[in-house]
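Listing of work-v3.cif, mmCIF, C-alpha atoms
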data_run
loop_
_atom_site.group_PDB
_atom_site.id
_atom_site.type_symbol
_atom_site.label_atom_id
_atom_site.label_comp_id
_atom_site.auth_asym_id
_atom_site.auth_seq_id
_atom_site.Cartn_x
_atom_site.Cartn_y
_atom_site.Cartn_z
ATOM 1 C CA MET J 16 0.000 0.000 0.000
ATOM 2 C CA ASN J 17 2.743 2.482 1.000
ATOM 3 C CA LYS J 18 0.297 5.126 2.115
ATOM 4 C CA VAL J 19 1.846 8.380 3.288
ATOM 5 C CA ALA J 20 0.203 11.194 5.279
ATOM 6 C CA VAL J 21 0.997 14.794 4.310
ATOM 7 C CA PHE J 22 0.106 17.777 6.468
ATOM 8 C CA ARG J 23 -0.413 21.472 5.789
ATOM 9 C CA LYS J 24 -0.595 23.950 8.674
ATOM 10 C CA GLU J 25 -2.500 27.226 8.317
ATOM 11 C CA HIS J 26 -4.004 29.698 10.767
ATOM 12 C CA PHE J 27 -6.828 32.191 11.159
ATOM 13 C CA ASN J 28 -7.922 34.632 13.861
ATOM 14 C CA ALA J 29 -11.601 34.931 14.660
ATOM 15 C CA ALA J 30 -14.177 36.014 17.230
ATOM 16 C CA HIS J 31 -16.985 33.776 18.433
ATOM 17 C CA ARG J 32 -19.290 32.978 21.311
ATOM 18 C CA LEU J 33 -20.860 29.729 22.407
ATOM 19 C CA HIS J 34 -24.592 30.116 22.708
ATOM 20 C CA ASN J 35 -27.713 28.021 22.223
ATOM 21 C CA SER J 36 -30.597 30.315 21.263
ATOM 22 C CA GLU J 37 -33.132 27.703 22.375
ATOM 23 C CA TRP J 38 -31.945 28.028 25.980
ATOM 24 C CA ASP J 39 -32.428 30.961 28.361
ATOM 25 C CA GLU J 40 -29.472 33.080 29.477
ATOM 26 C CA ALA J 41 -29.100 31.271 32.791
ATOM 27 C CA THR J 42 -28.741 27.893 31.048
ATOM 28 C CA ASN J 43 -26.337 29.326 28.477
ATOM 29 C CA ASP J 44 -24.222 30.843 31.251
ATOM 30 C CA LYS J 45 -24.254 27.604 33.191
ATOM 31 C CA VAL J 46 -23.236 25.433 30.224
ATOM 32 C CA PHE J 47 -20.901 27.753 28.307
ATOM 33 C CA GLY J 48 -19.610 30.014 31.131
ATOM 34 C CA LYS J 49 -17.462 32.904 30.000
ATOM 35 C CA CYS J 50 -17.526 31.557 26.412
ATOM 36 C CA ASN J 51 -21.126 32.828 26.278
ATOM 37 C CA ASN J 52 -20.082 36.520 26.597
ATOM 38 C CA PRO J 53 -22.629 38.354 24.376
ATOM 39 C CA HIS J 54 -19.875 40.671 23.136
ATOM 40 C CA TYR J 55 -17.808 37.691 21.939
ATOM 41 C CA HIS J 56 -14.190 36.706 22.591
ATOM 42 C CA GLY J 57 -11.647 35.281 20.174
ATOM 43 C CA HIS J 58 -8.847 32.931 19.299
ATOM 44 C CA ASN J 59 -5.858 32.321 17.075
ATOM 45 C CA TYR J 60 -6.920 29.093 15.417
ATOM 46 C CA ASP J 61 -4.257 26.763 14.051
ATOM 47 C CA LEU J 62 -5.510 24.386 11.405
ATOM 48 C CA ILE J 63 -3.702 21.219 10.388
ATOM 49 C CA VAL J 64 -5.048 19.470 7.329
ATOM 50 C CA LYS J 65 -3.914 15.850 6.954
ATOM 51 C CA VAL J 66 -4.218 14.057 3.609
ATOM 52 C CA THR J 67 -3.360 10.365 3.358
ATOM 53 C CA GLY J 68 -2.790 8.351 0.204
ATOM 54 C CA VAL J 69 -0.306 6.520 -1.991
ATOM 55 C CA PRO J 70 2.280 8.861 -3.600
ATOM 56 C CA ASP J 71 1.592 9.358 -7.302
ATOM 57 C CA LYS J 72 4.043 7.393 -9.466
ATOM 58 C CA LYS J 73 4.819 10.293 -11.766
ATOM 59 C CA THR J 74 5.096 13.200 -9.273
ATOM 60 C CA GLY J 75 5.945 11.412 -6.032
ATOM 61 C CA PHE J 76 3.245 13.536 -4.366
ATOM 62 C CA VAL J 77 0.289 12.372 -2.279
ATOM 63 C CA MET J 78 -1.047 15.837 -3.045
ATOM 64 C CA ASP J 79 0.765 18.927 -4.326
ATOM 65 C CA MET J 80 1.288 21.015 -1.154
ATOM 66 C CA LYS J 81 0.953 24.267 -3.085
ATOM 67 C CA VAL J 82 -2.423 23.160 -4.440
ATOM 68 C CA MET J 83 -3.416 22.117 -0.914
ATOM 69 C CA SER J 84 -2.296 25.448 0.543
ATOM 70 C CA ASP J 85 -4.168 27.445 -2.130
ATOM 71 C CA LEU J 86 -7.276 25.349 -1.532
ATOM 72 C CA ILE J 87 -7.209 25.889 2.251
ATOM 73 C CA GLN J 88 -6.556 29.612 1.769
ATOM 74 C CA SER J 89 -9.374 30.193 -0.704
ATOM 75 C CA GLU J 90 -11.988 27.855 0.809
ATOM 76 C CA VAL J 91 -11.326 28.180 4.552
ATOM 77 C CA ILE J 92 -8.975 30.969 5.618
ATOM 78 C CA GLU J 93 -10.545 33.692 3.492
ATOM 79 C CA LYS J 94 -13.946 32.721 4.906
ATOM 80 C CA PHE J 95 -12.991 32.693 8.577
ATOM 81 C CA ASP J 96 -9.915 34.908 9.084
ATOM 82 C CA HIS J 97 -10.592 38.158 10.973
ATOM 83 C CA LYS J 98 -14.281 37.304 11.069
ATOM 84 C CA ASN J 99 -16.915 36.811 13.704
ATOM 85 C CA LEU J 100 -17.850 33.162 13.221
ATOM 86 C CA ASN J 101 -21.369 33.663 14.636
ATOM 87 C CA GLU J 102 -22.154 36.866 12.761
ATOM 88 C CA ASP J 103 -20.142 36.799 9.549
ATOM 89 C CA CYS J 104 -20.106 33.128 8.528
ATOM 90 C CA LEU J 105 -23.240 31.495 7.126
ATOM 91 C CA GLU J 106 -21.918 28.064 8.118
ATOM 92 C CA PHE J 107 -22.566 28.963 11.771
ATOM 93 C CA LYS J 108 -25.872 30.758 11.360
ATOM 94 C CA ASN J 109 -27.613 27.817 13.050
ATOM 95 C CA LEU J 110 -24.590 25.925 14.367
ATOM 96 C CA ASN J 111 -22.695 26.653 17.571
ATOM 97 C CA PRO J 112 -19.082 27.488 16.539
ATOM 98 C CA THR J 113 -17.360 25.135 18.959
ATOM 99 C CA ALA J 114 -13.964 23.802 17.889
ATOM 100 C CA GLU J 115 -15.709 20.486 17.210
ATOM 101 C CA ASN J 116 -18.258 22.019 14.838
ATOM 102 C CA ILE J 117 -15.659 24.226 13.128
ATOM 103 C CA ALA J 118 -13.544 21.147 12.376
ATOM 104 C CA VAL J 119 -16.543 19.306 10.889
ATOM 105 C CA VAL J 120 -17.455 22.353 8.781
ATOM 106 C CA ILE J 121 -13.879 22.626 7.467
ATOM 107 C CA TYR J 122 -13.855 18.900 6.633
ATOM 108 C CA ASN J 123 -17.127 19.213 4.735
ATOM 109 C CA ILE J 124 -15.816 22.232 2.801
ATOM 110 C CA LEU J 125 -12.554 20.553 1.775
ATOM 111 C CA LYS J 126 -13.632 16.940 1.249
ATOM 112 C CA PRO J 127 -15.405 17.455 -2.119
ATOM 113 C CA LYS J 128 -12.417 19.475 -3.404
ATOM 114 C CA ILE J 129 -9.870 16.719 -2.783
ATOM 115 C CA ASN J 130 -9.269 13.557 -4.842
ATOM 116 C CA ASN J 131 -11.750 10.977 -3.627
ATOM 117 C CA GLU J 132 -9.042 8.340 -3.225
ATOM 118 C CA LEU J 133 -7.310 10.404 -0.530
ATOM 119 C CA ASP J 134 -8.285 10.369 3.150
ATOM 120 C CA LEU J 135 -8.792 13.730 4.822
ATOM 121 C CA GLN J 136 -8.490 14.583 8.501
ATOM 122 C CA ILE J 137 -8.782 17.953 10.206
ATOM 123 C CA ARG J 138 -6.994 18.934 13.409
ATOM 124 C CA LEU J 139 -8.025 22.326 14.767
ATOM 125 C CA TYR J 140 -6.310 24.103 17.653
ATOM 126 C CA GLU J 141 -8.509 26.685 19.368
ATOM 127 C CA THR J 142 -5.686 27.421 21.805
ATOM 128 C CA GLU J 143 -2.347 25.706 22.285
ATOM 129 C CA ARG J 144 -4.025 23.576 24.898
ATOM 130 C CA ASN J 145 -7.418 22.819 23.317
ATOM 131 C CA PHE J 146 -7.629 21.004 20.018
ATOM 132 C CA VAL J 147 -9.945 18.640 18.174
ATOM 133 C CA GLU J 148 -9.738 16.138 15.339
ATOM 134 C CA TYR J 149 -12.292 15.072 12.738
ATOM 135 C CA PRO J 150 -13.008 12.461 11.542
ATOM 136 C CA VAL J 151 -11.903 10.085 14.235
ATOM 137 C CA THR J 152 -10.003 7.145 12.797
ATOM 138 C CA MET G 20 20.274 41.345 39.600
ATOM 139 C CA VAL G 21 17.944 38.616 38.373
ATOM 140 C CA TYR G 22 15.017 38.894 35.979
ATOM 141 C CA ILE G 23 12.018 36.661 36.607
ATOM 142 C CA THR G 24 9.264 36.216 34.030
ATOM 143 C CA ARG G 25 5.749 34.888 34.512
ATOM 144 C CA ILE G 26 3.691 33.932 31.449
ATOM 145 C CA GLU G 27 -0.097 34.228 31.505
ATOM 146 C CA HIS G 28 -2.667 34.147 28.728
ATOM 147 C CA PHE G 29 -6.122 35.360 27.802
ATOM 148 C CA ASN G 30 -8.453 35.034 24.823
ATOM 149 C CA ALA G 31 -10.330 38.092 23.608
ATOM 150 C CA ALA G 32 -12.180 39.745 20.749
ATOM 151 C CA HIS G 33 -11.342 43.192 19.416
ATOM 152 C CA LYS G 34 -11.296 45.360 16.328
ATOM 153 C CA LEU G 35 -9.017 48.155 15.251
ATOM 154 C CA TYR G 36 -11.187 51.146 14.599
ATOM 155 C CA ASN G 37 -10.726 54.879 15.050
ATOM 156 C CA PRO G 38 -14.168 56.415 15.721
ATOM 157 C CA LEU G 39 -12.952 59.789 14.439
ATOM 158 C CA TRP G 40 -12.509 58.310 10.948
ATOM 159 C CA ASP G 41 -15.217 57.057 8.602
ATOM 160 C CA ARG G 42 -15.522 53.369 7.787
ATOM 161 C CA GLU G 43 -13.722 53.700 4.476
ATOM 162 C CA LYS G 44 -10.645 55.241 6.089
ATOM 163 C CA ASN G 45 -10.676 52.672 8.905
ATOM 164 C CA GLU G 46 -10.717 49.860 6.343
ATOM 165 C CA ALA G 47 -7.941 51.537 4.352
ATOM 166 C CA VAL G 48 -5.719 51.834 7.449
ATOM 167 C CA PHE G 49 -6.650 48.745 9.480
ATOM 168 C CA GLY G 50 -7.752 46.361 6.690
ATOM 169 C CA LYS G 51 -9.499 43.216 7.872
ATOM 170 C CA CYS G 52 -8.699 44.116 11.500
ATOM 171 C CA ALA G 53 -11.443 46.768 11.208
ATOM 172 C CA ASN G 54 -14.154 44.104 10.644
ATOM 173 C CA GLU G 55 -17.146 45.673 12.386
ATOM 174 C CA ASN G 56 -18.235 42.370 13.963
ATOM 175 C CA TRP G 57 -14.829 41.881 15.621
ATOM 176 C CA HIS G 58 -12.259 39.125 15.369
ATOM 177 C CA GLY G 59 -10.111 37.622 18.112
ATOM 178 C CA HIS G 60 -6.844 36.260 19.417
ATOM 179 C CA ASN G 61 -5.157 34.089 22.005
ATOM 180 C CA PHE G 62 -3.000 36.684 23.735
ATOM 181 C CA GLU G 63 0.072 35.662 25.732
ATOM 182 C CA LEU G 64 1.518 38.052 28.311
ATOM 183 C CA HIS G 65 5.082 37.837 29.637
ATOM 184 C CA VAL G 66 5.643 39.863 32.815
ATOM 185 C CA THR G 67 9.300 40.367 33.791
ATOM 186 C CA LEU G 68 10.371 41.679 37.209
ATOM 187 C CA LYS G 69 13.929 42.483 38.220
ATOM 188 C CA GLY G 70 15.581 42.500 41.603
ATOM 189 C CA GLU G 71 18.054 40.834 43.925
ATOM 190 C CA PRO G 72 17.058 37.420 45.283
ATOM 191 C CA ASP G 73 15.857 37.751 48.872
ATOM 192 C CA GLU G 74 18.297 36.255 51.363
ATOM 193 C CA GLY G 75 15.578 34.433 53.267
ATOM 194 C CA THR G 76 13.587 32.934 50.364
ATOM 195 C CA GLY G 77 15.994 33.040 47.437
ATOM 196 C CA PHE G 78 13.166 34.664 45.449
ATOM 197 C CA VAL G 79 13.229 37.930 43.499
ATOM 198 C CA TYR G 80 9.476 37.670 43.882
ATOM 199 C CA ASP G 81 7.226 34.697 44.608
ATOM 200 C CA ALA G 82 6.158 33.507 41.115
ATOM 201 C CA LYS G 83 2.860 32.184 42.470
ATOM 202 C CA LYS G 84 2.060 35.588 43.998
ATOM 203 C CA LEU G 85 2.987 37.257 40.720
ATOM 204 C CA SER G 86 0.630 34.927 38.874
ATOM 205 C CA ARG G 87 -2.197 35.834 41.281
ATOM 206 C CA LEU G 88 -1.535 39.568 40.854
ATOM 207 C CA ILE G 89 -1.556 39.309 37.055
ATOM 208 C CA LYS G 90 -4.757 37.246 37.111
ATOM 209 C CA GLU G 91 -6.524 39.586 39.528
ATOM 210 C CA HIS G 92 -5.573 42.888 37.907
ATOM 211 C CA VAL G 93 -5.121 41.947 34.263
ATOM 212 C CA THR G 94 -6.152 38.616 32.806
ATOM 213 C CA GLU G 95 -9.459 38.191 34.672
ATOM 214 C CA LYS G 96 -10.498 41.591 33.297
ATOM 215 C CA LEU G 97 -9.528 40.640 29.733
ATOM 216 C CA ASP G 98 -10.112 36.901 29.342
ATOM 217 C CA HIS G 99 -13.097 35.942 27.156
ATOM 218 C CA LYS G 100 -13.947 39.636 26.821
ATOM 219 C CA ASN G 101 -14.420 42.071 23.967
ATOM 220 C CA LEU G 102 -11.566 44.548 24.492
ATOM 221 C CA ASN G 103 -13.431 47.420 22.816
ATOM 222 C CA VAL G 104 -16.650 46.922 24.775
ATOM 223 C CA ASP G 105 -16.151 45.055 28.052
ATOM 224 C CA VAL G 106 -12.972 46.504 29.588
ATOM 225 C CA PRO G 107 -13.262 49.793 31.541
ATOM 226 C CA PHE G 108 -9.510 50.496 31.507
ATOM 227 C CA LEU G 109 -9.474 50.423 27.701
ATOM 228 C CA THR G 110 -12.446 52.752 27.201
ATOM 229 C CA GLY G 111 -11.673 55.382 24.571
ATOM 230 C CA LYS G 112 -8.472 53.654 23.468
ATOM 231 C CA ILE G 113 -7.816 52.053 20.105
ATOM 232 C CA CYS G 114 -7.345 48.399 21.039
ATOM 233 C CA SER G 115 -4.046 47.809 19.249
ATOM 234 C CA VAL G 116 -1.617 45.430 20.921
ATOM 235 C CA GLU G 117 0.642 48.476 21.537
ATOM 236 C CA ASN G 118 -2.044 50.382 23.460
ATOM 237 C CA LEU G 119 -3.023 47.212 25.254
ATOM 238 C CA VAL G 120 0.486 46.597 26.603
ATOM 239 C CA ILE G 121 0.736 50.189 27.915
ATOM 240 C CA ALA G 122 -2.660 49.866 29.616
ATOM 241 C CA ILE G 123 -1.656 46.544 31.194
ATOM 242 C CA TRP G 124 1.482 48.195 32.635
ATOM 243 C CA SER G 125 -0.654 50.916 34.278
ATOM 244 C CA GLN G 126 -3.008 48.275 35.567
ATOM 245 C CA LEU G 127 -0.340 46.046 37.088
ATOM 246 C CA ASN G 128 2.526 48.281 38.208
ATOM 247 C CA PRO G 129 0.740 49.986 41.165
ATOM 248 C CA HIS G 130 0.088 46.600 42.746
ATOM 249 C CA LEU G 131 3.708 45.475 42.892
ATOM 250 C CA PRO G 132 5.714 46.126 46.089
ATOM 251 C CA GLU G 133 8.084 49.113 45.936
ATOM 252 C CA THR G 134 11.068 46.834 46.426
ATOM 253 C CA ILE G 135 10.410 45.163 43.070
ATOM 254 C CA GLN G 136 10.858 46.748 39.677
ATOM 255 C CA LEU G 137 8.596 45.876 36.762
ATOM 256 C CA HIS G 138 11.186 45.535 34.018
ATOM 257 C CA SER G 139 9.167 44.704 30.902
ATOM 258 C CA LEU G 140 5.965 43.397 29.449
ATOM 259 C CA LYS G 141 5.932 41.321 26.311
ATOM 260 C CA LEU G 142 2.525 40.777 24.740
ATOM 261 C CA PHE G 143 1.924 38.279 21.935
ATOM 262 C CA GLU G 144 -1.160 38.885 19.819
ATOM 263 C CA THR G 145 -0.323 35.854 17.678
ATOM 264 C CA PRO G 146 2.750 33.576 17.749
ATOM 265 C CA ARG G 147 4.118 35.846 14.994
ATOM 266 C CA ILE G 148 3.230 39.318 16.306
ATOM 267 C CA TYR G 149 4.278 40.712 19.653
ATOM 268 C CA VAL G 150 5.201 43.974 21.351
ATOM 269 C CA GLU G 151 7.510 44.859 24.231
ATOM 270 C CA TYR G 152 7.088 47.711 26.706
ATOM 271 C CA TYR G 153 9.558 48.965 29.306
ATOM 272 C CA GLY G 154 7.380 51.620 30.942
ATOM 273 C CA ASN G 155 8.861 54.635 29.182
#
Take the structure in the file and write it out as structure tokens.
Amino acid sequence: MNKVAVFRKEHFNAAHRLHNSEWDEATNDKVFGKCNNPHYHGHNYDLIVKVTGVPDKKTGFVMDMKVMSDLIQSEVIEKFDHKNLNEDCLEFKNLNPTAENIAVVIYNILKPKINNELDLQIRLYETERNFVEYPVT
Amino acid sequence: MVYITRIEHFNAAHKLYNPLWDREKNEAVFGKCANENWHGHNFELHVTLKGEPDEGTGFVYDAKKLSRLIKEHVTEKLDHKNLNVDVPFLTGKICSVENLVIAIWSQLNPHLPETIQLHSLKLFETPRIYVEYYGN
């Protein structure tokens, strides 16, 4: 098989808040704590995109890293960088922008743009200490 | 003389926006940082004190006490806040990382004992952008 995983690291800075509009303020405060601040807070997100596959015989690439970088920039970073995820990004109009949900959204954006024979995994750091992965393998 | 540094962090939203300018000029000067709905960062603050180690304790200053002081007077007021809206000591200021570091100095320095000198603050807005301030 000789599968190899290649990784591209990118970053974006965004504001968000964690809030469930179906709950009252007291419940939101209890569940989401200071992350529910109505005036938002923010993070430097680090995004690691992992693509796994067999290197192409002609190029030696699993995926051209420049193509991968351009794809992440145009489809993800330009959408989310220096934005308010709750207010500015349609993806989170009805979806709480937790790190978990952001990772799933990014996966769903990128998956159709990448060769179907390659496996895709997203690792998203919300802080240096909090990070998530999707899908779980 | 020994320098001791304590690192703390906070996560906050802000925007760069001068209310005396119209939106067009703000966008020309501040670019995407002027986004009216804010954006945000994981800030990291390095607080450096200088002094002679105490003969009794061996400490320039108790690092745990320093951590408590920074939390009480700085990071608890900034963490998970909107710097432009939620922080009284930043009212009327443009929330650049430069202005923020100066304001943090004013916030922290009065609470340190006179025997200790606040040497510098280093404030990271991202891992690639940071400022230093020496109080002058």
Considering only C-alpha atoms, extract the chain G residues located within 8 Å of chain J and return them as a PDB file with C-alpha atoms, keeping the file's coordinate frame.
ATOM      1  CA  ASN G  30      -8.453  35.034  24.823  1.00  0.00           C
ATOM      2  CA  ALA G  31     -10.330  38.092  23.608  1.00  0.00           C
ATOM      3  CA  ALA G  32     -12.180  39.745  20.749  1.00  0.00           C
ATOM      4  CA  HIS G  33     -11.342  43.192  19.416  1.00  0.00           C
ATOM      5  CA  LYS G  51      -9.499  43.216   7.872  1.00  0.00           C
ATOM      6  CA  CYS G  52      -8.699  44.116  11.500  1.00  0.00           C
ATOM      7  CA  ASN G  54     -14.154  44.104  10.644  1.00  0.00           C
ATOM      8  CA  ASN G  56     -18.235  42.370  13.963  1.00  0.00           C
ATOM      9  CA  TRP G  57     -14.829  41.881  15.621  1.00  0.00           C
ATOM     10  CA  HIS G  58     -12.259  39.125  15.369  1.00  0.00           C
ATOM     11  CA  GLY G  59     -10.111  37.622  18.112  1.00  0.00           C
ATOM     12  CA  HIS G  60      -6.844  36.260  19.417  1.00  0.00           C
ATOM     13  CA  ASN G  61      -5.157  34.089  22.005  1.00  0.00           C
ATOM     14  CA  ASP G  98     -10.112  36.901  29.342  1.00  0.00           C
ATOM     15  CA  HIS G  99     -13.097  35.942  27.156  1.00  0.00           C
ATOM     16  CA  LYS G 100     -13.947  39.636  26.821  1.00  0.00           C
ATOM     17  CA  ASN G 101     -14.420  42.071  23.967  1.00  0.00           C
ATOM     18  CA  VAL G 104     -16.650  46.922  24.775  1.00  0.00           C
ATOM     19  CA  ASP G 105     -16.151  45.055  28.052  1.00  0.00           C
ATOM     20  CA  THR G 145      -0.323  35.854  17.678  1.00  0.00           C
TER      21      THR G 145
END
TODO: Would you work out the distance separating CA of Tyr153 in chain G from CA of Val48 in chain G, expressed in Å to one decimal?
DONE: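 CA of Tyr153 in chain G sits 26.8 Å away from CA of Val48 in chain G.
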Task: Picked residues, the PyMOL selection byres ((chain G and resi 85-91) around 10), as a ChimeraX atom specification - done: /G:23-29,64,66-68,80-84,92-98,123,126-128,130-131
TODO: Excluding Tyr149 in chain G and any residue of its chain fewer than 6 positions from it, enumerate the residues within 9 Å of it, using all atoms listed in the file, and give them as a PyMOL selection string.
DONE: chain G and resi 63+116-117+141-143
- [ ] Check which residues satisfy the PyMOL selection byres ((chain J and resi 136) around 9) in the file shown, then give them as a list in words.
- [x]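 With the shown file as input, the PyMOL selection byres ((chain J and resi 136) around 9) matches Ile63, Val64, Lys65, Val66, Thr67, Tyr122, Asp134, Leu135, Ile137, Arg138, Glu148, Tyr149, Pro150, Val151 and Thr152 of chain J.
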Open item on the list: One decimal, in Å: what's the spacing between CA of Val19 in chain J and CA of Lys72 in chain J?
Closed with: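 Rounded to one decimal, the two atoms are 13.0 Å apart.
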Open item on the list: Using Å and a single decimal, report how far CA of Val21 in chain J sits from CA of Gln88 in chain J.
Closed with: 16.8 Å
TODO: With the file shown as input, list the residues that the PyMOL selection byres ((chain J and resi 125) around 12) selects, as a PyMOL selection string.
DONE: chain J and resi 64-66+83-92+118-124+126-131+133-137
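Residues surrounding Met20 in chain G within 7 Å are Lys69, Gly70 and Glu71 of chain G [all atoms listed in the file; sequence separation below 4 positions excluded].
Close contacts of Phe47 in chain J, defined as residues with an atom at most 12 Å away when counting all atoms listed in the file, with chain neighbours fewer than 5 positions off set aside, comprise J:Arg32, J:Leu33, J:His34, J:Asn35, J:Trp38, J:Asp39, J:Glu40, J:Ala41, J:Thr42, J:Asn52, J:Pro53, J:Asn111, J:Pro112, J:Thr113, G:His99.
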